[in-house]
file target.cif (mmCIF, C-alpha atoms and all ligand atoms)
data_my_file
loop_
_atom_site.label_atom_id
_atom_site.label_comp_id
_atom_site.auth_asym_id
_atom_site.auth_seq_id
_atom_site.Cartn_x
_atom_site.Cartn_y
_atom_site.Cartn_z
CA MET A 1 -0.75 -20.80 -30.84
CA ILE A 2 -0.92 -19.17 -27.41
CA LYS A 3 0.96 -20.96 -24.61
CA VAL A 4 1.55 -18.14 -22.13
CA ILE A 5 -0.81 -15.48 -20.78
CA SER A 6 0.68 -12.47 -19.01
CA PHE A 7 -1.41 -10.05 -17.01
CA ASP A 8 -0.81 -6.45 -16.12
CA GLY A 9 -1.53 -5.76 -12.41
CA ASP A 10 -2.71 -2.22 -11.59
CA MET A 11 -6.21 -1.48 -12.94
CA THR A 12 -6.29 -4.93 -14.59
CA LEU A 13 -6.36 -7.32 -11.61
CA TRP A 14 -7.01 -4.72 -8.88
CA ASP A 15 -8.04 -1.08 -8.61
CA PHE A 16 -4.69 0.48 -7.68
CA GLU A 17 -6.01 4.05 -7.82
CA LYS A 18 -8.65 3.24 -5.20
CA VAL A 19 -6.32 1.45 -2.76
CA MET A 20 -3.60 4.07 -3.25
CA ARG A 21 -5.99 6.94 -2.42
CA HIS A 22 -7.47 5.05 0.53
CA SER A 23 -3.98 4.26 1.91
CA LEU A 24 -2.88 7.89 1.48
CA SER A 25 -6.00 9.06 3.39
CA VAL A 26 -5.13 6.78 6.30
CA THR A 27 -1.53 8.00 6.19
CA LEU A 28 -2.57 11.66 6.04
CA ALA A 29 -4.72 11.16 9.15
CA GLU A 30 -1.69 9.64 10.92
CA LEU A 31 0.51 12.53 9.76
CA ARG A 32 -2.02 14.99 11.24
CA CYS A 33 -1.87 13.14 14.59
CA HIS A 34 1.89 13.73 14.66
CA ILE A 35 1.79 17.24 13.18
CA PRO A 36 -1.53 18.83 14.12
CA GLY A 37 -2.63 22.36 13.34
CA GLN A 38 -1.83 24.78 10.60
CA ALA A 39 1.21 22.97 9.16
CA SER A 40 -0.71 19.89 7.99
CA ALA A 41 -4.16 21.48 7.56
CA GLY A 42 -3.68 22.34 3.88
CA LEU A 43 -2.25 18.97 2.89
CA THR A 44 -4.49 16.79 0.71
CA VAL A 45 -4.31 13.35 -0.88
CA ASP A 46 -4.10 15.01 -4.31
CA ARG A 47 -1.13 17.10 -3.19
CA MET A 48 0.58 13.96 -1.81
CA ILE A 49 0.06 12.25 -5.18
CA GLU A 50 1.61 15.26 -6.95
CA ILE A 51 4.63 15.15 -4.63
CA ARG A 52 5.04 11.40 -5.18
CA ASN A 53 4.83 11.75 -8.96
CA SER A 54 7.34 14.57 -9.12
CA ALA A 55 9.68 12.57 -6.83
CA ALA A 56 9.37 9.60 -9.20
CA VAL A 57 10.27 11.76 -12.21
CA GLU A 58 13.23 13.31 -10.39
CA LEU A 59 14.53 9.95 -9.09
CA LYS A 60 14.12 8.17 -12.43
CA GLY A 61 17.29 6.23 -13.19
CA LYS A 62 18.60 6.73 -9.63
CA ILE A 63 16.06 4.78 -7.57
CA ILE A 64 13.85 2.18 -9.21
CA ASN A 65 12.41 0.42 -6.16
CA LEU A 66 8.86 1.72 -5.77
CA GLU A 67 8.76 1.43 -1.97
CA GLU A 68 11.90 3.56 -1.77
CA ILE A 69 10.38 6.15 -4.10
CA ARG A 70 7.29 6.22 -1.86
CA PHE A 71 9.53 6.79 1.19
CA HIS A 72 11.17 9.75 -0.56
CA ALA A 73 7.72 11.09 -1.37
CA PHE A 74 6.73 11.06 2.33
CA LYS A 75 10.06 12.67 3.21
CA ARG A 76 9.36 15.45 0.72
CA THR A 77 5.77 15.78 1.89
CA LEU A 78 7.02 16.49 5.41
CA GLU A 79 9.63 18.93 4.07
CA SER A 80 6.94 20.69 2.04
CA ILE A 81 5.01 21.56 5.22
CA GLY A 82 8.17 22.71 7.02
CA CYS A 83 8.50 19.61 9.24
CA PRO A 84 11.36 17.44 7.91
CA ASP A 85 11.52 14.18 9.87
CA ASN A 86 12.99 11.00 8.39
CA THR A 87 11.80 8.80 11.26
CA LEU A 88 8.22 9.96 10.75
CA ALA A 89 8.61 9.50 6.98
CA THR A 90 9.65 5.87 7.58
CA HIS A 91 6.67 5.34 9.88
CA LEU A 92 4.26 6.88 7.35
CA ASN A 93 5.73 4.77 4.55
CA ASP A 94 5.32 1.58 6.59
CA LEU A 95 1.71 2.49 7.38
CA TYR A 96 0.98 3.36 3.75
CA LEU A 97 2.50 0.09 2.48
CA LYS A 98 0.58 -1.96 5.05
CA HIS A 99 -2.74 -0.58 3.80
CA ARG A 100 -1.65 -0.47 0.17
CA PHE A 101 -1.22 -4.25 0.24
CA GLU A 102 -3.65 -5.46 2.92
CA ASP A 103 -6.64 -3.43 1.71
CA ILE A 104 -6.32 -4.21 -1.97
CA GLU A 105 -9.46 -5.59 -3.64
CA LEU A 106 -9.27 -7.83 -6.66
CA TYR A 107 -11.82 -7.23 -9.40
CA PRO A 108 -14.45 -9.98 -9.06
CA ASP A 109 -13.59 -11.59 -12.42
CA VAL A 110 -9.92 -12.20 -11.54
CA ILE A 111 -9.86 -15.42 -9.49
CA PRO A 112 -12.44 -17.32 -11.57
CA VAL A 113 -10.65 -16.53 -14.83
CA LEU A 114 -7.15 -17.31 -13.50
CA ASP A 115 -8.44 -20.62 -12.17
CA ILE A 116 -9.89 -21.57 -15.55
CA LEU A 117 -6.82 -20.56 -17.56
CA ARG A 118 -4.07 -21.89 -15.31
CA SER A 119 -4.85 -25.51 -16.12
CA ASP A 120 -4.10 -25.00 -19.84
CA PHE A 121 -1.73 -22.01 -20.01
CA THR A 122 1.35 -20.72 -18.24
CA ILE A 123 0.07 -17.68 -16.37
CA GLY A 124 2.19 -14.76 -15.19
CA LEU A 125 2.22 -11.18 -13.97
CA LEU A 126 3.98 -8.46 -16.00
CA SER A 127 3.79 -5.17 -14.15
CA ASN A 128 5.32 -1.70 -13.92
CA GLY A 129 4.01 -1.58 -10.33
CA ASN A 130 4.81 -3.43 -7.12
CA GLY A 131 1.71 -5.56 -6.56
CA TYR A 132 3.43 -8.63 -5.17
CA PRO A 133 0.92 -11.47 -5.77
CA GLU A 134 1.38 -13.00 -2.32
CA LYS A 135 0.50 -9.64 -0.74
CA CYS A 136 -2.42 -8.97 -3.07
CA GLY A 137 -4.54 -12.06 -2.50
CA LEU A 138 -3.03 -14.09 -5.34
CA PRO A 139 -0.50 -16.47 -3.78
CA ASP A 140 0.46 -19.48 -5.93
CA ARG A 141 -1.53 -18.24 -8.90
CA PHE A 142 1.34 -17.22 -11.20
CA SER A 143 4.14 -19.29 -12.74
CA PHE A 144 6.27 -16.17 -13.24
CA VAL A 145 6.29 -12.57 -12.03
CA VAL A 146 8.13 -9.83 -13.92
CA PHE A 147 8.39 -6.36 -12.34
CA SER A 148 9.88 -3.35 -14.11
CA GLN A 149 11.73 -2.44 -10.92
CA ASP A 150 13.69 -5.69 -11.31
CA VAL A 151 14.19 -5.55 -15.10
CA GLY A 152 15.25 -1.87 -15.04
CA VAL A 153 12.89 -0.73 -17.80
CA GLU A 154 9.12 -0.35 -17.96
CA LYS A 155 6.47 -1.55 -20.39
CA PRO A 156 6.21 -0.86 -23.31
CA ASP A 157 9.96 -1.60 -23.47
CA ALA A 158 10.55 -4.86 -25.38
CA ASP A 159 12.92 -6.10 -22.65
CA MET A 160 9.93 -6.54 -20.34
CA PHE A 161 8.26 -8.89 -22.82
CA HIS A 162 11.49 -10.69 -23.68
CA THR A 163 11.92 -11.35 -19.96
CA VAL A 164 8.53 -13.07 -20.04
CA SER A 165 9.73 -15.19 -22.98
CA ARG A 166 12.79 -16.24 -21.02
CA CYS A 167 10.86 -16.94 -17.78
CA ALA A 168 8.17 -18.94 -19.55
CA GLY A 169 10.41 -20.57 -22.16
CA CYS A 170 8.40 -19.44 -25.17
CA ASP A 171 8.59 -17.19 -28.21
CA PRO A 172 6.97 -13.73 -27.96
CA CYS A 173 4.39 -14.79 -30.55
CA GLU A 174 3.18 -17.48 -28.12
CA ILE A 175 2.33 -14.86 -25.48
CA MET A 176 -1.05 -13.23 -25.01
CA HIS A 177 -0.75 -10.09 -22.86
CA ILE A 178 -3.71 -8.41 -21.20
CA GLY A 179 -3.73 -4.94 -19.70
CA ASP A 180 -5.69 -1.71 -19.27
CA SER A 181 -3.07 0.57 -20.81
CA LEU A 182 -2.87 1.06 -24.56
CA GLU A 183 0.48 2.83 -24.23
CA SER A 184 2.17 0.28 -21.93
CA ASP A 185 0.43 -3.04 -22.39
CA VAL A 186 -0.95 -3.03 -25.92
CA ALA A 187 1.90 -1.11 -27.58
CA GLY A 188 4.46 -3.23 -25.72
CA ALA A 189 2.87 -6.53 -26.73
CA ASN A 190 2.41 -5.35 -30.32
CA GLY A 191 6.07 -4.32 -30.47
CA VAL A 192 7.35 -7.85 -29.89
CA GLY A 193 4.70 -9.70 -31.90
CA ALA A 194 2.74 -10.96 -28.89
CA VAL A 195 -1.06 -11.04 -28.99
CA SER A 196 -2.34 -7.86 -27.33
CA VAL A 197 -5.61 -7.68 -25.42
CA TRP A 198 -6.88 -4.31 -24.22
CA LEU A 199 -8.97 -4.62 -21.08
CA ASN A 200 -11.28 -1.64 -21.42
CA ARG A 201 -13.52 -1.99 -18.36
CA ASP A 202 -15.01 1.51 -18.67
CA ALA A 203 -15.65 1.53 -22.41
CA ARG A 204 -13.18 4.37 -22.97
CA LEU A 205 -12.62 5.72 -26.45
CA ASN A 206 -9.31 4.81 -28.02
CA LYS A 207 -7.83 8.05 -29.37
CA THR A 208 -4.22 6.84 -29.31
CA GLY A 209 -3.82 5.22 -32.70
CA ILE A 210 -2.53 2.12 -30.86
CA VAL A 211 -4.54 -0.85 -32.09
CA PRO A 212 -5.02 -3.90 -29.86
CA ASP A 213 -5.48 -7.35 -31.41
CA TYR A 214 -8.52 -7.74 -29.15
CA GLU A 215 -10.55 -5.52 -26.87
CA ILE A 216 -12.56 -6.87 -23.93
CA ARG A 217 -14.75 -5.29 -21.24
CA SER A 218 -14.19 -7.96 -18.62
CA LEU A 219 -11.72 -10.76 -17.95
CA VAL A 220 -14.67 -13.15 -18.30
CA GLU A 221 -14.32 -12.65 -22.07
CA LEU A 222 -10.68 -13.66 -21.90
CA ALA A 223 -11.16 -17.40 -21.45
CA GLU A 224 -13.02 -17.77 -24.73
CA LEU A 225 -10.49 -15.58 -26.48
CA ALA A 226 -7.48 -17.50 -25.13
CA TYR A 227 -8.89 -20.90 -26.05
CA GLY A 228 -9.91 -19.56 -29.47
CA CYS A 229 -6.35 -18.39 -30.13
CA SER A 230 -4.79 -21.65 -28.94
CA ILE A 231 -6.52 -23.94 -31.43
MG MG F 301 -2.37 -1.18 -15.55
#
call {"tool": "encode", "arguments": {"input": "target.cif", "output": "structure tokens"}}
result
Amino acid sequence: MIKVISFDGDMTLWDFEKVMRHSLSVTLAELRCHIPGQASAGLTVDRMIEIRNSAAVELKGKIINLEEIRFHAFKRTLESIGCPDNTLATHLNDLYLKHRFEDIELYPDVIPVLDILRSDFTIGLLSNGNGYPEKCGLPDRFSFVVFSQDVGVEKPDADMFHTVSRCAGCDPCEIMHIGDSLESDVAGANGVGAVSVWLNRDARLNKTGIVPDYEIRSLVELAELAYGCSI
């Protein structure tokens, strides 16, 4: 009997990749205003993503706050073009975060489905990212929000799902978790005996060996599934 429905954020409720690339483009243009010419000419959004990802790997266990990691990434980006400047890195980080939150677009199926489900289920966000609902167009929609940067581990770690149990006051087997990642969302939910739902918007092939309890193409399919599992 399902009582609680937890949602992944990035690529489940909103297209993080799109807003991240857009926000980096805006930030790169700002960087070029401050550092014109040869130094910044070769810098690209893809290179900035590489720098951010390697910073995240290097800082793992030392810094878990994602905004701080992003700041370090801008600091390293400036160092990489021979222009170290912490004040500019702070400015670029603020600009990036402004766009990263303000320009986010929810997938069109999100609000209608949350509004249907919230009257009969406890609804929450369970994310390895930092998509704060109030900054992402979803204020007052969730009864609980669990971020890996607060728990100290990431999905698929069982502690993430046990935190949901504690927040929602339910057993793991009463949770249905929906997400786009087989490795994080589906494997994590399966590991604690929750009901796993793989949101596969692009009809990708599953070559992982990780088997979801259910697979859906759109959140529209979720309402039927959730009510079917709660009878
Ligand atoms: Mg995701």
call {"tool": "atom_distance", "arguments": {"input": "target.cif", "atom1": "CA of Phe74 in chain A", "atom2": "CA of His91 in chain A"}}
result
9.5 Å
call {"tool": "residues_around", "arguments": {"input": "target.cif", "residues": "Cys229 in chain A", "least_positions_apart": "4", "cutoff": "8 Å", "atoms": "all atoms listed in the file", "output": "MDAnalysis selection string"}}
result
chainID A and resid 1:2 225
call {"tool": "closest_atom_pairs", "arguments": {"input": "target.cif", "of": "chain A", "to": "ligand MG 301 (chain F)", "cutoff": "7 Å", "atoms": "all atoms listed in the file", "output": "CSV"}}
result
residue,atom,partner,partner_atom,distance
A:Asp8,CA,F:MG301,MG,5.5
A:Gly9,CA,F:MG301,MG,5.6
A:Asp10,CA,F:MG301,MG,4.1
A:Met11,CA,F:MG301,MG,4.7
A:Thr12,CA,F:MG301,MG,5.5
A:Gly179,CA,F:MG301,MG,5.8
A:Asp180,CA,F:MG301,MG,5.0
A:Ser181,CA,F:MG301,MG,5.6
call {"tool": "write_last_selection", "arguments": {"input": "target.cif", "atoms": "C-alpha atoms", "output": "short mmCIF file (atom, residue, chain, number, x, y, z; two decimals), in the coordinates of the input"}}
result
data_model
loop_
_atom_site.label_atom_id
_atom_site.label_comp_id
_atom_site.auth_asym_id
_atom_site.auth_seq_id
_atom_site.Cartn_x
_atom_site.Cartn_y
_atom_site.Cartn_z
CA ASP A 8 -0.81 -6.45 -16.12
CA GLY A 9 -1.53 -5.76 -12.41
CA ASP A 10 -2.71 -2.22 -11.59
CA MET A 11 -6.21 -1.48 -12.94
CA THR A 12 -6.29 -4.93 -14.59
CA GLY A 179 -3.73 -4.94 -19.70
CA ASP A 180 -5.69 -1.71 -19.27
CA SER A 181 -3.07 0.57 -20.81
#
call {"tool": "residues_around", "arguments": {"input": "target.cif", "residues": "Ala203 in chain A", "least_positions_apart": "6", "cutoff": "12 Å", "atoms": "only C-alpha atoms", "output": "NGL selection string"}}
result
:A and (180 or 215-218)
call {"tool": "atom_distance", "arguments": {"input": "target.cif", "atom1": "CA of Gly209 in chain A", "atom2": "CA of Thr163 in chain A"}}
result
26.2 Å
call {"tool": "closest_residue", "arguments": {"input": "target.cif", "among": "A:Arg141, A:Ser40, A:Arg118, A:Asp103", "to": "Glu79 in chain A", "atoms": "only C-alpha atoms"}}
result
A:Ser40
call {"tool": "closest_atom_pairs", "arguments": {"input": "target.cif", "of": "range 22-73 of chain A", "to": "range 148-159 of chain A", "cutoff": "12 Å", "atoms": "all atoms listed in the file", "output": "tab-separated table"}}
result
residue	atom	partner	partner_atom	distance
A:Lys60	CA	A:Gly152	CA	10.4
A:Gly61	CA	A:Gly152	CA	8.6
A:Lys62	CA	A:Gly152	CA	10.7
A:Ile63	CA	A:Gln149	CA	9.1
A:Ile64	CA	A:Gln149	CA	5.4
A:Asn65	CA	A:Gln149	CA	5.6
A:Leu66	CA	A:Gln149	CA	7.2
A:Glu67	CA	A:Gln149	CA	10.2
A:Glu68	CA	A:Gln149	CA	10.9
A:Ile69	CA	A:Gln149	CA	11.1
call {"tool": "closest_residue", "arguments": {"input": "target.cif", "among": "A:Trp14, A:Tyr214, A:Phe101, A:Phe142", "to": "Phe121 in chain A", "atoms": "only C-alpha atoms"}}
result
A:Phe142
call {"tool": "residues_around", "arguments": {"input": "target.cif", "residues": "Asp94 in chain A", "least_positions_apart": "6", "cutoff": "10 Å", "atoms": "all atoms listed in the file", "output": "ChimeraX atom specification"}}
result
/A:27,67,70-71,88,100
